[in-house]
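Engineer: Before anything else, here's the structure in question.
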Amino acid sequence: MEVDTRLLRSFMAVAEEGSLTRAAERVFVSQPALTKQIRQLETQLGVRLFDRSRSGMALTGPGRELARRAPAVLAAWDEALHATRTAQRQAARVLRVGFMASGANEATQEIVAAFARRRPGWRIELRQAAWTNPSAGLAAGDVDAALLRLPFPGQDALRVEPLFSEPRWVAMAGTHPLATRDTIAFHELWDEPFVAAPEETGSWRAHWLAADERGGRPVRIGAVTEQPDDWLNAIASGYGIALAPRSAARFYARPGVVYRPVTGVSPTQVAVAWAADDDRNPVVQDFVRCCLDSARGG
């Protein structure tokens, strides 16, 4: 019998969280999709893995046995996959770096150039990820390192070094009544509809809605988008406003959208992240040093 490791990971997320909602956020899928995966695994194995109730998901006897053994299976597979991909990339002398939106802003090209000087013959392959993949492929092992905005789901399982912070501004349609203001207080935006990332992005979505900085006021969602272009179109069309890093005014300027400073909301942080398995990978560590040197101005 062949079992998709994705199904095992979904099973372990539900087993550890005891909740489909929390587990769905952890593995970056919708709750209906996660439910379907659990049922698929139960069908393949021919056993019931969970007792479902209003209070959550409780493991059955067979479920407890699988939960005891599955982590070792997944760890062994992850180790083999990581070693295989690392060997392939080292042979090609390519370092794959994932990033979200503008990455480390203007510092990205400086970091790439510094890495090329440190590692002659190597090249960096930059891979932009959708907002539904807040680790930019790092959690799945698709990249060797990533330039990310904090916080993001799953970051506790990775190595993360903050590089710099920048203020969060607001992006809104040029026709919005507040668009003529030089500065806007965040509490003036609490009742506005917001353009949000998908629910499964968890803490990433919550950060860009400043969900914990609203004095308990609920968030109104005007539109949900996964890519910068769709995000800009939704804002320009008046479906909602959105918090954005100050640098978005440079990297994502477009007619019909204006960016304004916001007071009363915390800044956003950019970080470099990598897998713990690469703590002793000299190539990945050279990239990390280039990022840290750039952040320190060195």
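Ordering of the structure tokens sets the chain letters (A, B, ...), residue numbers begin anew at 1 in every chain, and ligands are numbered from 1 in the order given.
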Using only C-alpha atoms, which residues sit within 8 Å of Leu59 of chain A once same-chain residues fewer than 3 positions away are excluded, as a PyMOL selection string?
Structural biologist: chain A and resi 15+49-51+62-64
Engineer: Write out as an MDAnalysis selection string the residues lying within 12 Å of Pro282 of chain A, counting only C-alpha atoms and excluding same-chain residues fewer than 2 positions away.
Structural biologist: chainID A and resid 86 90 95 115 118:119 144 277:280 284:289
Engineer: Mind dumping a table of every segment 236-279 of chain A residue within 12 Å of segment 202-222 of chain A, with the nearest atom pair and its distance in Å to one decimal, using only C-alpha atoms, sorted by chain and rising number, as JSON lines?
Structural biologist:
```
{"residue": "A:Ser237", "atom": "CA", "partner": "A:Gly222", "partner_atom": "CA", "distance": 10.9}
{"residue": "A:Gly238", "atom": "CA", "partner": "A:Gly222", "partner_atom": "CA", "distance": 8.8}
{"residue": "A:Tyr239", "atom": "CA", "partner": "A:Gly222", "partner_atom": "CA", "distance": 5.3}
{"residue": "A:Gly240", "atom": "CA", "partner": "A:Gly222", "partner_atom": "CA", "distance": 5.1}
{"residue": "A:Ile241", "atom": "CA", "partner": "A:Gly222", "partner_atom": "CA", "distance": 8.2}
{"residue": "A:Ala242", "atom": "CA", "partner": "A:Leu209", "partner_atom": "CA", "distance": 7.4}
{"residue": "A:Leu243", "atom": "CA", "partner": "A:Trp208", "partner_atom": "CA", "distance": 5.8}
{"residue": "A:Ala244", "atom": "CA", "partner": "A:Trp208", "partner_atom": "CA", "distance": 7.2}
{"residue": "A:Pro245", "atom": "CA", "partner": "A:Trp208", "partner_atom": "CA", "distance": 9.4}
{"residue": "A:Val262", "atom": "CA", "partner": "A:Ala210", "partner_atom": "CA", "distance": 11.9}
{"residue": "A:Thr263", "atom": "CA", "partner": "A:Glu213", "partner_atom": "CA", "distance": 11.6}
{"residue": "A:Gly264", "atom": "CA", "partner": "A:Glu213", "partner_atom": "CA", "distance": 8.4}
{"residue": "A:Val265", "atom": "CA", "partner": "A:Glu213", "partner_atom": "CA", "distance": 6.8}
{"residue": "A:Ser266", "atom": "CA", "partner": "A:Glu213", "partner_atom": "CA", "distance": 8.3}
{"residue": "A:Pro267", "atom": "CA", "partner": "A:His207", "partner_atom": "CA", "distance": 10.1}
{"residue": "A:Thr268", "atom": "CA", "partner": "A:His207", "partner_atom": "CA", "distance": 8.5}
{"residue": "A:Gln269", "atom": "CA", "partner": "A:His207", "partner_atom": "CA", "distance": 10.8}
```
Engineer: Go ahead and save the residues from that selection, with N, CA, C and O atoms, as a compact mmCIF listing (two decimals), in the first residue's frame.
Structural biologist:
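File written: again.txt
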```txt
# COMPACT_ATOMS: atom_id res chain seq x y z
N SER A 237 -10.28 48.83 -7.22
CA SER A 237 -11.70 48.71 -7.54
C SER A 237 -12.60 49.08 -6.37
O SER A 237 -13.83 49.05 -6.50
N GLY A 238 -11.99 49.38 -5.21
CA GLY A 238 -12.77 49.83 -4.06
C GLY A 238 -13.36 48.72 -3.21
O GLY A 238 -14.24 48.98 -2.38
N TYR A 239 -12.88 47.48 -3.39
CA TYR A 239 -13.41 46.38 -2.58
C TYR A 239 -12.92 46.44 -1.13
O TYR A 239 -13.50 45.81 -0.25
N GLY A 240 -11.83 47.16 -0.92
CA GLY A 240 -11.31 47.28 0.43
C GLY A 240 -9.98 47.99 0.44
O GLY A 240 -9.43 48.35 -0.61
N ILE A 241 -9.45 48.21 1.65
CA ILE A 241 -8.14 48.80 1.81
C ILE A 241 -7.22 47.69 2.36
O ILE A 241 -7.67 46.58 2.61
N ALA A 242 -5.93 47.99 2.53
CA ALA A 242 -5.03 46.96 3.05
C ALA A 242 -3.81 47.61 3.68
O ALA A 242 -3.32 48.64 3.19
N LEU A 243 -3.33 46.99 4.74
CA LEU A 243 -2.04 47.39 5.28
C LEU A 243 -0.94 46.82 4.39
O LEU A 243 -1.09 45.73 3.83
N ALA A 244 0.15 47.55 4.27
CA ALA A 244 1.25 47.13 3.41
C ALA A 244 2.54 47.74 3.95
O ALA A 244 2.51 48.78 4.62
N PRO A 245 3.69 47.12 3.68
CA PRO A 245 4.94 47.76 4.09
C PRO A 245 5.12 49.08 3.34
O PRO A 245 4.64 49.24 2.22
N VAL A 262 0.45 55.30 8.41
CA VAL A 262 -0.56 54.99 9.43
C VAL A 262 0.09 55.05 10.80
O VAL A 262 1.16 54.49 11.02
N THR A 263 -0.56 55.74 11.72
CA THR A 263 -0.08 55.76 13.11
C THR A 263 -0.90 54.76 13.93
O THR A 263 -2.02 54.41 13.57
N GLY A 264 -0.31 54.30 15.04
CA GLY A 264 -1.05 53.42 15.93
C GLY A 264 -1.05 51.96 15.52
O GLY A 264 -1.89 51.19 16.01
N VAL A 265 -0.13 51.56 14.65
CA VAL A 265 0.00 50.15 14.27
C VAL A 265 1.49 49.82 14.24
O VAL A 265 2.32 50.66 13.85
N SER A 266 1.86 48.63 14.67
CA SER A 266 3.26 48.25 14.78
C SER A 266 3.89 48.04 13.39
O SER A 266 3.18 47.81 12.41
N PRO A 267 5.22 48.09 13.31
CA PRO A 267 5.90 47.89 12.02
C PRO A 267 5.92 46.42 11.62
O PRO A 267 5.53 45.54 12.40
N THR A 268 6.38 46.16 10.42
CA THR A 268 6.56 44.80 9.93
C THR A 268 8.06 44.49 9.86
O THR A 268 8.87 45.41 9.68
N GLN A 269 8.41 43.23 10.03
CA GLN A 269 9.81 42.81 10.02
C GLN A 269 10.10 41.92 8.82
O GLN A 269 9.29 41.08 8.44
```
Engineer: Could you tell me, as an NGL selection string, which residues of segment 45-231 of chain A DSSP assigns to alpha helix (DSSP H) when given the backbone?
Structural biologist: :A and (45 or 61-92 or 107-118 or 203-208 or 228-231)
Engineer: Among segment 28-107 of chain A, which ones does DSSP place in strand (DSSP E), written as a list in words?
Structural biologist: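 The residues of segment 28-107 of chain A classed as strand (DSSP E) are Phe50, Asp51, Arg52, Ser53, Gly56, Met57, Ala58, Leu59, Val94, Leu95, Arg96, Val97, Gly98, Phe99 and Met100 of chain A.
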Engineer: Name all residues at most 7 Å from Leu126 of chain A (count only C-alpha atoms; drop same-chain ones fewer than 4 positions away) and give them as a list in words.
Structural biologist: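 So, after excluding close chain neighbours, the residues are Arg96, Val97 and Gly98 of chain A.
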Engineer: Please, could you write that set of residues out with N, CA and C atoms as a CSV table (one decimal), in the first residue's frame?
Structural biologist:
```csv
chain,number,residue,atom,x,y,z
A,96,ARG,N,18.7,28.1,-4.1
A,96,ARG,CA,17.3,28.6,-4.4
A,96,ARG,C,16.8,29.4,-3.2
A,97,VAL,N,16.4,30.6,-3.4
A,97,VAL,CA,15.9,31.5,-2.4
A,97,VAL,C,14.5,31.9,-2.6
A,98,GLY,N,13.6,31.5,-1.7
A,98,GLY,CA,12.2,31.9,-1.9
A,98,GLY,C,12.0,33.3,-1.3
```
Engineer: Please identify every residue of segment 10-119 of chain A that has at least one atom no farther than 8 Å from an atom of segment 135-141 of chain A, counting only C-alpha atoms, and for each give the shortest atom pair and the distance in Å to one decimal, arranged by chain then increasing number, as a Markdown table.
Structural biologist:
```
| residue | atom | partner | partner_atom | distance |
| --- | --- | --- | --- | --- |
| A:His82 | CA | A:Gly141 | CA | 6.7 |
| A:Gly98 | CA | A:Ala136 | CA | 4.9 |
| A:Phe99 | CA | A:Ala136 | CA | 5.5 |
| A:Met100 | CA | A:Ala136 | CA | 6.3 |
```
Engineer: Generate the output file for the selected residues, C-alpha atoms, as a short mmCIF file (atom, residue, chain, number, x, y, z; two decimals), in the first residue's frame.
Structural biologist:
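Written output follows (again_36.cif):
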```
data_model
loop_
_atom_site.label_atom_id
_atom_site.label_comp_id
_atom_site.auth_asym_id
_atom_site.auth_seq_id
_atom_site.Cartn_x
_atom_site.Cartn_y
_atom_site.Cartn_z
CA HIS A 82 16.51 17.16 1.91
CA GLY A 98 12.20 31.93 -1.87
CA PHE A 99 10.66 35.31 -1.20
CA MET A 100 7.35 37.02 -0.62
#
```
Engineer: Quick one: distance from atom CA of Leu147 of chain A to atom CA of Ala173 of chain A in Å, one decimal?
Structural biologist: 28.4 Å
Engineer: Which residues are near Ala116 of chain A? Cut-off 12 Å, only C-alpha atoms, ignore same chain within fewer than 3 positions. Put them as a PyMOL selection string.
Structural biologist: chain A and resi 93-95+109-113+119-125+283+286-287+290
Engineer: What does the distance between atom CA of Leu7 of chain A and atom CA of Leu158 of chain A come to in Å, to one decimal place?
Structural biologist: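 That distance, rounded to one decimal, is 21.6 Å.
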Engineer: Set the distance at 7 Å and use only C-alpha atoms: which residues neighbour Pro134 of chain A once local chain neighbours fewer than 2 positions away are removed? I'd like the list as a list in words.
Structural biologist: Trp131, Thr132, Ala136, Phe152, Pro153, Thr201 and Trp204 of chain A
